[in-house]
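For reference, run-v7.pdb (PDB, C-alpha atoms):
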```
ATOM      1  CA  MET A 475       0.000   0.000   0.000
ATOM      2  CA  LYS A 476       1.475   3.375  -1.084
ATOM      3  CA  ASP A 477       0.679   7.018  -0.487
ATOM      4  CA  SER A 478       0.388   9.705  -3.167
ATOM      5  CA  ASP A 479       4.169  10.264  -3.157
ATOM      6  CA  GLY A 480       4.875   6.585  -3.784
ATOM      7  CA  ASN A 481       6.068   5.872  -0.242
ATOM      8  CA  ILE A 482       5.315   2.369   1.025
ATOM      9  CA  LEU A 483       2.868   2.504   3.923
ATOM     10  CA  TYR A 484       2.203  -1.170   4.529
ATOM     11  CA  VAL A 485       3.214  -4.616   3.269
ATOM     12  CA  GLY A 486       0.914  -7.578   3.832
ATOM     13  CA  LYS A 487       0.120 -11.032   2.474
ATOM     14  CA  SER A 488      -2.976 -13.130   2.015
ATOM     15  CA  LYS A 489      -4.176 -16.301   0.313
ATOM     16  CA  SER A 490      -7.354 -14.378  -0.571
ATOM     17  CA  LEU A 491      -6.503 -10.825  -1.610
ATOM     18  CA  ARG A 492     -10.135  -9.966  -2.273
ATOM     19  CA  SER A 493     -11.168 -10.821   1.289
ATOM     20  CA  ARG A 494      -8.116  -9.137   2.779
ATOM     21  CA  LEU A 495      -8.704  -5.840   0.973
ATOM     22  CA  ARG A 496     -12.430  -5.928   1.648
ATOM     23  CA  SER A 497     -11.660  -5.898   5.378
ATOM     24  CA  TYR A 498      -9.944  -2.525   4.962
ATOM     25  CA  PHE A 499     -12.504  -0.736   2.805
ATOM     26  CA  GLN A 500     -15.893  -2.121   3.825
ATOM     27  CA  GLY A 501     -17.353  -0.865   7.078
ATOM     28  CA  LYS A 502     -15.768   1.570   9.496
ATOM     29  CA  PRO A 503     -12.332   0.599  10.875
ATOM     30  CA  SER A 504     -12.345   0.269  14.660
ATOM     31  CA  HIS A 505      -8.727   1.319  15.291
ATOM     32  CA  LYS A 506      -7.429   4.870  14.865
ATOM     33  CA  ARG A 507      -4.207   3.606  13.292
ATOM     34  CA  LEU A 508      -6.188   1.679  10.650
ATOM     35  CA  VAL A 509      -8.310   4.767   9.895
ATOM     36  CA  GLN A 510      -5.106   6.750   9.312
ATOM     37  CA  LEU A 511      -3.689   4.046   7.049
ATOM     38  CA  VAL A 512      -6.807   3.747   4.869
ATOM     39  CA  GLY A 513      -7.019   7.537   4.577
ATOM     40  CA  SER A 514      -3.443   7.701   3.270
ATOM     41  CA  ILE A 515      -3.625   4.942   0.636
ATOM     42  CA  ALA A 516      -3.341   6.211  -2.940
ATOM     43  CA  ALA A 517      -2.262   2.999  -4.692
ATOM     44  CA  ILE A 518      -2.099  -0.736  -4.042
ATOM     45  CA  GLU A 519       0.422  -2.983  -5.772
ATOM     46  CA  VAL A 520      -0.026  -6.750  -5.813
ATOM     47  CA  ILE A 521       2.779  -9.293  -6.200
ATOM     48  CA  LEU A 522       1.671 -12.818  -7.070
ATOM     49  CA  VAL A 523       4.151 -15.441  -5.898
ATOM     50  CA  ASN A 524       4.332 -19.203  -6.402
ATOM     51  CA  ASN A 525       3.642 -20.533  -2.914
ATOM     52  CA  GLU A 526       3.247 -19.695   0.756
ATOM     53  CA  SER A 527       6.985 -19.967   1.455
ATOM     54  CA  GLU A 528       7.708 -17.192  -1.033
ATOM     55  CA  SER A 529       4.897 -15.088   0.394
ATOM     56  CA  LEU A 530       6.212 -15.342   3.958
ATOM     57  CA  ILE A 531       9.836 -14.700   3.025
ATOM     58  CA  LEU A 532       9.124 -11.865   0.574
ATOM     59  CA  GLU A 533       6.911 -10.088   3.103
ATOM     60  CA  ASN A 534       9.672 -10.415   5.700
ATOM     61  CA  ASN A 535      12.301  -8.996   3.338
ATOM     62  CA  LEU A 536      10.213  -6.103   2.032
ATOM     63  CA  ILE A 537       9.280  -4.986   5.549
ATOM     64  CA  LYS A 538      12.909  -5.053   6.694
ATOM     65  CA  ILE A 539      14.132  -3.266   3.559
ATOM     66  CA  HIS A 540      11.482  -0.528   3.299
ATOM     67  CA  LYS A 541      10.444  -0.147   6.991
ATOM     68  CA  PRO A 542       6.770   0.750   6.273
ATOM     69  CA  PRO A 543       5.333   2.912   9.073
ATOM     70  CA  TYR A 544       2.181   0.786   9.493
ATOM     71  CA  ASN A 545       4.039  -2.519   9.852
ATOM     72  CA  ARG A 546       4.971  -3.199  13.456
ATOM     73  CA  ALA A 547       6.277  -6.750  13.229
ATOM     74  CA  LEU A 548       9.363  -8.039  11.365
ATOM     75  CA  LYS A 549      11.137  -4.658  11.258
ATOM     76  CA  LYS A 550      14.052  -5.759  13.427
ATOM     77  CA  ASP A 551      16.959  -7.316  11.550
ATOM     78  CA  ASN A 552      17.201 -10.178  14.044
ATOM     79  CA  SER A 553      13.552 -11.174  13.637
ATOM     80  CA  GLY A 554      11.731 -13.247  11.058
ATOM     81  CA  TYR A 555      13.434 -15.894   8.978
ATOM     82  CA  ALA A 556      17.011 -16.883   9.610
ATOM     83  CA  TYR A 557      19.660 -19.014   7.953
ATOM     84  CA  LEU A 558      21.958 -21.626   9.375
ATOM     85  CA  GLN A 559      25.601 -20.905   8.719
ATOM     86  CA  LEU A 560      28.786 -22.899   9.005
ATOM     87  CA  THR A 561      31.201 -20.282  10.246
ATOM     88  CA  GLU A 562      34.551 -19.659   8.595
ATOM     89  CA  GLU A 563      36.452 -20.098  11.844
ATOM     90  CA  ARG A 564      39.474 -22.361  12.107
ATOM     91  CA  LEU A 565      37.186 -24.926  13.726
ATOM     92  CA  PRO A 566      33.736 -24.168  12.251
ATOM     93  CA  ARG A 567      30.427 -24.492  14.065
ATOM     94  CA  LEU A 568      26.805 -24.215  13.005
ATOM     95  CA  ASP A 569      24.994 -21.081  14.125
ATOM     96  CA  VAL A 570      21.820 -19.111  13.417
ATOM     97  CA  PHE A 571      22.395 -16.192  11.044
ATOM     98  CA  TYR A 572      20.161 -13.208  10.209
ATOM     99  CA  ARG A 573      20.991 -11.436   6.954
ATOM    100  CA  ASP A 574      21.726  -7.721   6.846
ATOM    101  CA  ARG A 575      19.213  -6.575   4.253
ATOM    102  CA  ARG A 576      20.553  -3.047   3.930
ATOM    103  CA  PRO A 577      22.204  -2.188   0.578
ATOM    104  CA  LYS A 578      25.962  -2.747   0.520
ATOM    105  CA  SER A 579      26.655   0.981   0.172
ATOM    106  CA  VAL A 580      24.638   1.745   3.322
ATOM    107  CA  ARG A 581      26.359  -1.035   5.279
ATOM    108  CA  ALA A 582      29.787   0.251   4.245
ATOM    109  CA  VAL A 583      29.023   3.740   5.586
ATOM    110  CA  ALA A 584      27.439   2.435   8.794
ATOM    111  CA  ASN A 585      30.218  -0.055   9.523
ATOM    112  CA  PRO A 586      33.505   0.689   7.732
ATOM    113  CA  GLN A 587      35.262  -2.080   9.682
ATOM    114  CA  SER A 588      35.738  -5.427   7.979
ATOM    115  CA  VAL A 589      33.389  -8.336   8.708
ATOM    116  CA  PRO A 590      34.595 -10.655  11.516
ATOM    117  CA  ASP A 591      36.349 -13.818  10.368
ATOM    118  CA  LYS A 592      33.624 -16.067  11.723
ATOM    119  CA  GLU A 593      31.078 -14.504   9.323
ATOM    120  CA  ALA A 594      33.152 -13.733   6.237
ATOM    121  CA  GLY A 595      32.892 -16.503   3.660
ATOM    122  CA  SER A 596      30.555 -18.598   5.810
ATOM    123  CA  ARG A 597      28.476 -21.271   4.084
ATOM    124  CA  ARG A 598      24.784 -20.598   4.639
ATOM    125  CA  PHE A 599      21.644 -22.705   4.325
ATOM    126  CA  GLY A 600      18.040 -21.525   4.266
ATOM    127  CA  PRO A 601      16.266 -19.288   4.981
ATOM    128  CA  TYR A 602      14.027 -21.226   7.356
ATOM    129  CA  TYR A 603      10.654 -19.589   7.892
ATOM    130  CA  SER A 604       9.898 -21.957  10.776
ATOM    131  CA  SER A 605      12.150 -21.494  13.797
ATOM    132  CA  ARG A 606      11.035 -24.907  15.065
ATOM    133  CA  PHE A 607      12.103 -26.523  11.797
ATOM    134  CA  ARG A 608      15.408 -24.607  11.808
ATOM    135  CA  ASN A 609      16.222 -25.545  15.387
ATOM    136  CA  ALA A 610      15.450 -29.208  14.720
ATOM    137  CA  VAL A 611      17.881 -29.184  11.799
ATOM    138  CA  LEU A 612      20.520 -27.370  13.859
ATOM    139  CA  GLU A 613      20.198 -29.755  16.792
ATOM    140  CA  PHE A 614      20.353 -32.917  14.692
ATOM    141  CA  VAL A 615      23.212 -31.934  12.383
ATOM    142  CA  THR A 616      25.331 -30.564  15.243
ATOM    143  CA  ASP A 617      24.751 -33.732  17.256
ATOM    144  CA  HIS A 618      25.130 -36.098  14.270
ATOM    145  CA  PHE A 619      28.547 -34.713  13.294
ATOM    146  CA  LYS A 620      29.540 -33.834  16.887
ATOM    147  CA  LEU A 621      30.306 -30.221  16.040
ATOM    148  CA  ARG A 622      31.226 -27.774  18.746
ATOM    149  CA  THR A 623      28.604 -25.270  19.925
ATOM    150  CA  CYS A 624      30.746 -23.220  22.317
ATOM    151  CA  ASP A 625      31.796 -19.649  21.526
ATOM    152  CA  PRO A 626      34.485 -18.966  22.520
ATOM    153  CA  MET A 627      35.937 -22.478  22.555
ATOM    154  CA  PRO A 628      37.254 -23.634  25.951
ATOM    155  CA  ARG A 629      40.573 -25.361  26.527
ATOM    156  CA  ARG A 630      39.061 -28.418  28.175
ATOM    157  CA  ALA A 631      36.241 -30.685  27.065
ATOM    158  CA  CYS A 632      32.875 -29.887  28.620
ATOM    159  CA  LEU A 633      29.823 -31.993  29.478
ATOM    160  CA  LEU A 634      28.759 -32.275  25.824
ATOM    161  CA  PHE A 635      31.869 -34.319  25.068
ATOM    162  CA  HIS A 636      31.235 -36.654  27.982
ATOM    163  CA  ILE A 637      27.641 -37.329  26.868
ATOM    164  CA  HIS A 638      28.921 -37.994  23.313
ATOM    165  CA  ARG A 639      27.414 -34.900  21.675
ATOM    166  CA  CYS A 640      30.714 -33.193  20.817
ATOM    167  CA  SER A 641      34.000 -34.494  19.417
ATOM    168  CA  GLY A 642      36.139 -32.770  22.060
ATOM    169  CA  VAL A 643      38.347 -31.062  19.481
ATOM    170  CA  CYS A 644      39.148 -28.380  22.067
ATOM    171  CA  GLU A 645      41.195 -30.901  24.073
ATOM    172  CA  GLY A 646      42.549 -32.826  21.100
ATOM    173  CA  PHE A 647      40.320 -35.913  21.253
ATOM    174  CA  ILE A 648      39.968 -35.500  17.484
ATOM    175  CA  THR A 649      42.440 -33.855  15.108
ATOM    176  CA  GLU A 650      41.601 -30.467  13.656
ATOM    177  CA  GLU A 651      41.753 -31.952  10.147
ATOM    178  CA  ASP A 652      39.249 -34.693  11.027
ATOM    179  CA  TYR A 653      36.999 -32.117  12.695
ATOM    180  CA  ARG A 654      37.001 -29.889   9.598
ATOM    181  CA  GLN A 655      36.121 -32.911   7.456
ATOM    182  CA  SER A 656      33.117 -33.571   9.708
ATOM    183  CA  ALA A 657      32.082 -29.908   9.365
ATOM    184  CA  ASP A 658      32.338 -30.166   5.553
ATOM    185  CA  GLN A 659      30.190 -33.305   5.615
ATOM    186  CA  ALA A 660      27.601 -31.443   7.706
ATOM    187  CA  ALA A 661      27.533 -28.616   5.135
ATOM    188  CA  GLU A 662      27.162 -31.088   2.261
ATOM    189  CA  LEU A 663      24.238 -32.753   4.024
ATOM    190  CA  LEU A 664      22.495 -29.399   4.499
ATOM    191  CA  GLU A 665      23.175 -28.415   0.884
ATOM    192  CA  SER A 666      21.824 -31.725  -0.451
ATOM    193  CA  GLY A 667      18.303 -30.991   0.722
ATOM    194  CA  GLY A 668      15.715 -32.776   2.790
ATOM    195  CA  GLU A 669      15.755 -36.385   1.573
ATOM    196  CA  LYS A 670      19.360 -37.162   2.530
ATOM    197  CA  LEU A 671      18.983 -35.349   5.834
ATOM    198  CA  ILE A 672      15.862 -37.299   6.760
ATOM    199  CA  ALA A 673      17.484 -40.576   5.665
ATOM    200  CA  ALA A 674      20.429 -39.872   7.994
ATOM    201  CA  MET A 675      18.011 -39.179  10.836
ATOM    202  CA  TYR A 676      16.113 -42.435  10.231
ATOM    203  CA  GLY A 677      19.452 -44.252  10.418
ATOM    204  CA  ARG A 678      20.225 -42.622  13.759
ATOM    205  CA  MET A 679      16.745 -43.470  15.058
ATOM    206  CA  GLU A 680      17.233 -47.148  14.189
ATOM    207  CA  GLN A 681      20.591 -47.163  16.026
ATOM    208  CA  TYR A 682      18.879 -45.813  19.132
ATOM    209  CA  ALA A 683      16.094 -48.394  18.871
ATOM    210  CA  GLU A 684      18.564 -51.289  18.488
ATOM    211  CA  ALA A 685      20.408 -50.045  21.581
ATOM    212  CA  LEU A 686      17.043 -49.961  23.434
ATOM    213  CA  ALA A 687      17.400 -46.191  23.858
ATOM    214  CA  PHE A 688      13.717 -45.716  23.141
ATOM    215  CA  GLU A 689      13.466 -42.196  24.555
ATOM    216  CA  LYS A 690      16.212 -41.013  22.191
ATOM    217  CA  ALA A 691      14.586 -42.865  19.276
ATOM    218  CA  ASP A 692      11.252 -41.221  20.023
ATOM    219  CA  ASN A 693      12.918 -37.801  20.180
ATOM    220  CA  MET A 694      14.578 -38.447  16.825
ATOM    221  CA  LEU A 695      11.250 -39.472  15.295
ATOM    222  CA  ARG A 696       9.746 -36.208  16.552
ATOM    223  CA  HIS A 697      12.469 -34.264  14.713
ATOM    224  CA  ILE A 698      11.910 -36.329  11.567
ATOM    225  CA  ARG A 699       8.199 -35.502  11.575
ATOM    226  CA  ILE A 700       9.093 -31.802  11.716
ATOM    227  CA  LEU A 701      11.626 -32.113   8.912
ATOM    228  CA  GLU A 702       9.245 -34.064   6.681
ATOM    229  CA  LYS A 703       7.146 -30.906   6.437
ATOM    230  CA  LEU A 704       9.777 -29.379   4.186
ATOM    231  CA  PRO A 705       9.342 -25.803   2.953
ATOM    232  CA  GLU A 706       8.354 -25.384  -0.672
ATOM    233  CA  LYS A 707      10.909 -24.209  -3.193
ATOM    234  CA  GLN A 708      11.295 -20.436  -3.097
ATOM    235  CA  ILE A 709      13.177 -17.999  -5.343
ATOM    236  CA  VAL A 710      12.788 -14.666  -3.531
ATOM    237  CA  ASP A 711      15.670 -14.982  -1.024
ATOM    238  CA  ARG A 712      18.915 -16.789  -1.854
ATOM    239  CA  GLU A 713      22.599 -16.456  -1.143
ATOM    240  CA  GLY A 714      24.475 -14.487  -3.814
ATOM    241  CA  ALA A 715      26.973 -11.683  -4.298
ATOM    242  CA  ALA A 716      25.810 -10.255  -7.659
ATOM    243  CA  ASP A 717      23.163  -7.567  -8.192
ATOM    244  CA  GLN A 718      20.648  -8.377 -10.924
ATOM    245  CA  ASP A 719      17.775  -6.632 -12.671
ATOM    246  CA  VAL A 720      15.087  -8.996 -13.928
ATOM    247  CA  ILE A 721      13.393  -7.253 -16.868
ATOM    248  CA  TYR A 722      10.157  -8.567 -18.325
ATOM    249  CA  PHE A 723       8.960  -6.830 -21.486
ATOM    250  CA  GLY A 724       5.208  -7.058 -21.933
ATOM    251  CA  ARG A 725       3.047  -5.680 -24.750
ATOM    252  CA  ASN A 726       3.405  -2.026 -23.823
ATOM    253  CA  ARG A 727       5.046  -2.043 -20.409
ATOM    254  CA  VAL A 728       8.184  -3.347 -18.778
ATOM    255  CA  LEU A 729       8.496  -4.642 -15.230
ATOM    256  CA  ILE A 730      11.886  -4.386 -13.505
ATOM    257  CA  ALA A 731      12.518  -6.503 -10.415
ATOM    258  CA  LYS A 732      15.667  -5.665  -8.475
ATOM    259  CA  VAL A 733      17.602  -8.556  -6.949
ATOM    260  CA  GLN A 734      20.520  -7.611  -4.714
ATOM    261  CA  GLU A 735      22.724 -10.284  -3.165
ATOM    262  CA  GLY A 736      20.046 -12.853  -3.974
ATOM    263  CA  MET A 737      17.192 -10.907  -2.321
ATOM    264  CA  LEU A 738      14.201  -9.690  -4.321
ATOM    265  CA  ARG A 739      13.953  -6.102  -3.097
ATOM    266  CA  ASP A 740      11.754  -3.958  -5.323
ATOM    267  CA  PHE A 741       9.550  -3.758  -8.435
ATOM    268  CA  ARG A 742       9.042  -0.940 -10.935
ATOM    269  CA  MET A 743       6.565  -0.779 -13.814
ATOM    270  CA  LEU A 744       7.432   1.527 -16.736
ATOM    271  CA  ASP A 745       5.747   2.305 -20.044
ATOM    272  CA  LEU A 746       7.400   1.217 -23.294
ATOM    273  CA  LYS A 747       6.713   4.330 -25.364
ATOM    274  CA  GLN A 748       8.860   3.220 -28.307
ATOM    275  CA  GLY A 749       6.543   0.387 -29.336
ATOM    276  CA  PHE A 750       6.290  -3.315 -28.705
ATOM    277  CA  GLY A 751       8.996  -4.927 -30.850
ATOM    278  CA  ASP A 752      12.339  -6.422 -29.833
ATOM    279  CA  GLN A 753      14.184  -3.358 -31.166
ATOM    280  CA  ALA A 754      12.274  -1.234 -28.678
ATOM    281  CA  CYS A 755      13.538  -3.557 -25.954
ATOM    282  CA  ASP A 756      17.121  -2.994 -27.112
ATOM    283  CA  LEU A 757      16.622   0.778 -27.120
ATOM    284  CA  PHE A 758      15.145   0.641 -23.607
ATOM    285  CA  LEU A 759      18.155  -1.283 -22.293
ATOM    286  CA  LEU A 760      20.635   1.107 -23.949
ATOM    287  CA  ARG A 761      18.912   4.166 -22.487
ATOM    288  CA  HIS A 762      18.179   2.753 -19.065
ATOM    289  CA  TYR A 763      21.531   1.118 -18.342
ATOM    290  CA  ARG A 764      23.997   3.445 -20.036
ATOM    291  CA  GLU A 765      25.503   4.608 -16.746
ATOM    292  CA  GLU A 766      24.260   2.983 -13.567
ATOM    293  CA  ARG A 767      23.549  -0.712 -13.762
ATOM    294  CA  PRO A 768      23.780  -4.031 -11.854
ATOM    295  CA  HIS A 769      26.161  -6.890 -12.621
ATOM    296  CA  GLU A 770      23.597  -8.757 -14.748
ATOM    297  CA  LEU A 771      20.411  -8.132 -16.715
ATOM    298  CA  ILE A 772      17.982 -11.050 -16.981
ATOM    299  CA  VAL A 773      15.586 -10.365 -19.884
ATOM    300  CA  ASN A 774      12.848 -12.179 -21.772
ATOM    301  CA  ARG A 775      13.343 -10.329 -25.079
ATOM    302  CA  ILE A 776      16.204  -8.731 -26.961
ATOM    303  CA  SER A 777      16.887  -8.203 -30.671
ATOM    304  CA  ASP A 778      20.692  -7.924 -30.906
ATOM    305  CA  LEU A 779      22.355  -9.171 -27.735
ATOM    306  CA  LYS A 780      25.932  -8.694 -28.940
ATOM    307  CA  THR A 781      25.390  -5.093 -30.093
ATOM    308  CA  VAL A 782      23.619  -4.095 -26.865
ATOM    309  CA  GLN A 783      26.406  -5.568 -24.736
ATOM    310  CA  THR A 784      29.102  -3.884 -26.847
ATOM    311  CA  GLN A 785      27.453  -0.459 -26.688
ATOM    312  CA  LEU A 786      26.877  -0.705 -22.942
ATOM    313  CA  ARG A 787      30.581  -1.529 -22.466
ATOM    314  CA  SER A 788      31.735   1.490 -24.484
ATOM    315  CA  GLY A 789      33.248   4.490 -22.744
ATOM    316  CA  GLY A 790      35.205   2.385 -20.277
ATOM    317  CA  ASN A 791      32.180   0.907 -18.538
ATOM    318  CA  SER A 792      32.605  -2.420 -16.781
ATOM    319  CA  PRO A 793      31.387  -5.558 -18.617
ATOM    320  CA  LEU A 794      27.683  -6.260 -18.254
ATOM    321  CA  ARG A 795      26.181  -9.720 -18.548
ATOM    322  CA  ILE A 796      22.825 -10.052 -20.308
ATOM    323  CA  THR A 797      21.014 -13.389 -19.955
ATOM    324  CA  LEU A 798      17.950 -14.816 -21.739
ATOM    325  CA  PRO A 799      17.269 -17.925 -19.645
ATOM    326  CA  LYS A 800      15.175 -20.855 -20.864
ATOM    327  CA  ARG A 801      15.127 -22.802 -17.595
ATOM    328  CA  GLY A 802      16.343 -22.679 -14.021
ATOM    329  CA  LEU A 803      16.212 -20.031 -11.305
ATOM    330  CA  LYS A 804      16.615 -17.014 -13.605
ATOM    331  CA  TYR A 805      13.798 -18.262 -15.818
ATOM    332  CA  ASP A 806      11.619 -18.681 -12.708
ATOM    333  CA  LEU A 807      12.332 -15.044 -11.776
ATOM    334  CA  LEU A 808      11.198 -13.948 -15.238
ATOM    335  CA  LYS A 809       7.982 -15.978 -14.879
ATOM    336  CA  LEU A 810       7.344 -14.280 -11.531
ATOM    337  CA  CYS A 811       7.654 -10.897 -13.265
ATOM    338  CA  GLU A 812       5.378 -12.037 -16.083
ATOM    339  CA  GLN A 813       2.781 -13.094 -13.541
TER     340      GLN A 813
END
```
Mind turning this structure into structure tokens?
Amino acid sequence: MKDSDGNILYVGKSKSLRSRLRSYFQGKPSHKRLVQLVGSIAAIEVILVNNESESLILENNLIKIHKPPYNRALKKDNSGYAYLQLTEERLPRLDVFYRDRRPKSVRAVANPQSVPDKEAGSRRFGPYYSSRFRNAVLEFVTDHFKLRTCDPMPRRACLLFHIHRCSGVCEGFITEEDYRQSADQAAELLESGGEKLIAAMYGRMEQYAEALAFEKADNMLRHIRILEKLPEKQIVDREGAADQDVIYFGRNRVLIAKVQEGMLRDFRMLDLKQGFGDQACDLFLLRHYREERPHELIVNRISDLKTVQTQLRSGGNSPLRITLPKRGLKYDLLKLCEQ
């Protein structure tokens, strides 16, 4: 919901947009804050996504990025949907990680110091929109590979080692090389997706049952039931370093979706005044991206790819990648813009 100056007032989601909007505009709102919101609305933009996972995550990101005045929840950076990360420390550990959704230029001004070693280059998995699901994954994988959880690491092994939930690398019960191999295996399991993770958990549950440790087996089964409710595939929040503009040319308009560091951040709809053909698309790209541009343009139409790339590189500009995907994640982003 936007005001007359184009400022975002509120971001919301619903499985039934018609019912959701009717609740705002039919009848008299009971809360003063809602009366103020409705009185300020000049335009409503709707984004249709593929599933509920995308809806939850996109709402979370847009609220954190734009800080709408009528959204109270999800504004804090350490709220909402987090990742798991394998830190880049000498002896890595799994930890919960909340992304900094501010643009890189803003972060650089706010914090000119370099990122701590334990965050720089970390391998990340997620985001998880269920904290219960995320914590179940964290608990199992840490326990399964006996990764350390302490920060800072002590010099002597603690209780977790003695109850066989940690390898005791702090006191040398396992070599650092063997520990790092276990951490890499944990990352590979998280990267492989749900089926391999659940299979590993079933194997652990059977070991507990054979050892007559029925309480542990039951606890493992509880985690498996949580993990079997896997989140749907989502394309609105991913790990990535490049900035991309996803450009969908329609009949007489073009929609530009901005993706920065893997996060879908903003949409803009512009008129194509030059006409509807592919040459008009080329002309739009040349005019719009002559100076300031992202690392990559993802487009659905272009007439002369080579010429457009050459002209945009002229004048000492950095190389610009232009992609016309036919499948995969980038194609899915184009379909989202088409929708």
Contact residues around region 611-616 of chain A with only C-alpha atoms at 12 Å, ignoring same-chain residues under 6 positions, as a PyMOL selection string: chain A and resi 556-560+566-571+599-600+602+604-605+622-624+634+638-641+656-664+667-668+670-672+674-676+678-679+690+693-702+704
Same residues, C-alpha atoms, saved as a tab-separated table (two decimals), in the frame of the given file:
```tsv
chain	number	residue	atom	x	y	z
A	556	ALA	CA	17.01	-16.88	9.61
A	557	TYR	CA	19.66	-19.01	7.95
A	558	LEU	CA	21.96	-21.63	9.38
A	559	GLN	CA	25.60	-20.90	8.72
A	560	LEU	CA	28.79	-22.90	9.01
A	566	PRO	CA	33.74	-24.17	12.25
A	567	ARG	CA	30.43	-24.49	14.06
A	568	LEU	CA	26.80	-24.22	13.00
A	569	ASP	CA	24.99	-21.08	14.12
A	570	VAL	CA	21.82	-19.11	13.42
A	571	PHE	CA	22.40	-16.19	11.04
A	599	PHE	CA	21.64	-22.70	4.32
A	600	GLY	CA	18.04	-21.52	4.27
A	602	TYR	CA	14.03	-21.23	7.36
A	604	SER	CA	9.90	-21.96	10.78
A	605	SER	CA	12.15	-21.49	13.80
A	622	ARG	CA	31.23	-27.77	18.75
A	623	THR	CA	28.60	-25.27	19.92
A	624	CYS	CA	30.75	-23.22	22.32
A	634	LEU	CA	28.76	-32.28	25.82
A	638	HIS	CA	28.92	-37.99	23.31
A	639	ARG	CA	27.41	-34.90	21.68
A	640	CYS	CA	30.71	-33.19	20.82
A	641	SER	CA	34.00	-34.49	19.42
A	656	SER	CA	33.12	-33.57	9.71
A	657	ALA	CA	32.08	-29.91	9.36
A	658	ASP	CA	32.34	-30.17	5.55
A	659	GLN	CA	30.19	-33.30	5.62
A	660	ALA	CA	27.60	-31.44	7.71
A	661	ALA	CA	27.53	-28.62	5.14
A	662	GLU	CA	27.16	-31.09	2.26
A	663	LEU	CA	24.24	-32.75	4.02
A	664	LEU	CA	22.50	-29.40	4.50
A	667	GLY	CA	18.30	-30.99	0.72
A	668	GLY	CA	15.72	-32.78	2.79
A	670	LYS	CA	19.36	-37.16	2.53
A	671	LEU	CA	18.98	-35.35	5.83
A	672	ILE	CA	15.86	-37.30	6.76
A	674	ALA	CA	20.43	-39.87	7.99
A	675	MET	CA	18.01	-39.18	10.84
A	676	TYR	CA	16.11	-42.44	10.23
A	678	ARG	CA	20.23	-42.62	13.76
A	679	MET	CA	16.74	-43.47	15.06
A	690	LYS	CA	16.21	-41.01	22.19
A	693	ASN	CA	12.92	-37.80	20.18
A	694	MET	CA	14.58	-38.45	16.82
A	695	LEU	CA	11.25	-39.47	15.30
A	696	ARG	CA	9.75	-36.21	16.55
A	697	HIS	CA	12.47	-34.26	14.71
A	698	ILE	CA	11.91	-36.33	11.57
A	699	ARG	CA	8.20	-35.50	11.58
A	700	ILE	CA	9.09	-31.80	11.72
A	701	LEU	CA	11.63	-32.11	8.91
A	702	GLU	CA	9.24	-34.06	6.68
A	704	LEU	CA	9.78	-29.38	4.19
```
Near-Asn525 (chain A) list (12 Å; only C-alpha atoms; drop same-chain fewer than 6 positions) as a list of chain:residue names: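 Listed by chain and then number, they are A:Lys487, A:Ser488, A:Lys489, A:Ile531, A:Leu532, A:Pro705, A:Glu706, A:Lys707, A:Gln708, A:Ile709, A:Val710, A:Leu810.
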One-decimal distance in Å that lies between CA of Ile518 (chain A) and CA of Tyr722 (chain A): 20.4 Å
Hits from the PyMOL selection byres ((chain A and resi 550) around 12), listed as a ChimeraX atom specification: /A:534-535,537-541,545-549,551-555,572-576
Using the selection just defined, write its residues with C-alpha atoms as a PDB file, in the frame of the given file.
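Ended up saving to out_29.pdb:
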```
ATOM      1  CA  ASN A 534       9.672 -10.415   5.700  1.00  0.00           C
ATOM      2  CA  ASN A 535      12.301  -8.996   3.338  1.00  0.00           C
ATOM      3  CA  ILE A 537       9.280  -4.986   5.549  1.00  0.00           C
ATOM      4  CA  LYS A 538      12.909  -5.053   6.694  1.00  0.00           C
ATOM      5  CA  ILE A 539      14.132  -3.266   3.559  1.00  0.00           C
ATOM      6  CA  HIS A 540      11.482  -0.528   3.299  1.00  0.00           C
ATOM      7  CA  LYS A 541      10.444  -0.147   6.991  1.00  0.00           C
ATOM      8  CA  ASN A 545       4.039  -2.519   9.852  1.00  0.00           C
ATOM      9  CA  ARG A 546       4.971  -3.199  13.456  1.00  0.00           C
ATOM     10  CA  ALA A 547       6.277  -6.750  13.229  1.00  0.00           C
ATOM     11  CA  LEU A 548       9.363  -8.039  11.365  1.00  0.00           C
ATOM     12  CA  LYS A 549      11.137  -4.658  11.258  1.00  0.00           C
ATOM     13  CA  ASP A 551      16.959  -7.316  11.550  1.00  0.00           C
ATOM     14  CA  ASN A 552      17.201 -10.178  14.044  1.00  0.00           C
ATOM     15  CA  SER A 553      13.552 -11.174  13.637  1.00  0.00           C
ATOM     16  CA  GLY A 554      11.731 -13.247  11.058  1.00  0.00           C
ATOM     17  CA  TYR A 555      13.434 -15.894   8.978  1.00  0.00           C
ATOM     18  CA  TYR A 572      20.161 -13.208  10.209  1.00  0.00           C
ATOM     19  CA  ARG A 573      20.991 -11.436   6.954  1.00  0.00           C
ATOM     20  CA  ASP A 574      21.726  -7.721   6.846  1.00  0.00           C
ATOM     21  CA  ARG A 575      19.213  -6.575   4.253  1.00  0.00           C
ATOM     22  CA  ARG A 576      20.553  -3.047   3.930  1.00  0.00           C
TER      23      ARG A 576
END
```
Excluding same-chain residues fewer than 4 positions from region 776-793 of chain A, what lies within 6 Å of it counting only C-alpha atoms, as a PDB file with C-alpha atoms, in the frame of the given file?
```pdb
ATOM      1  CA  ASP A 752      12.339  -6.422 -29.833  1.00  0.00           C
ATOM      2  CA  GLN A 753      14.184  -3.358 -31.166  1.00  0.00           C
ATOM      3  CA  CYS A 755      13.538  -3.557 -25.954  1.00  0.00           C
ATOM      4  CA  ASP A 756      17.121  -2.994 -27.112  1.00  0.00           C
ATOM      5  CA  ARG A 764      23.997   3.445 -20.036  1.00  0.00           C
TER       6      ARG A 764
END
```
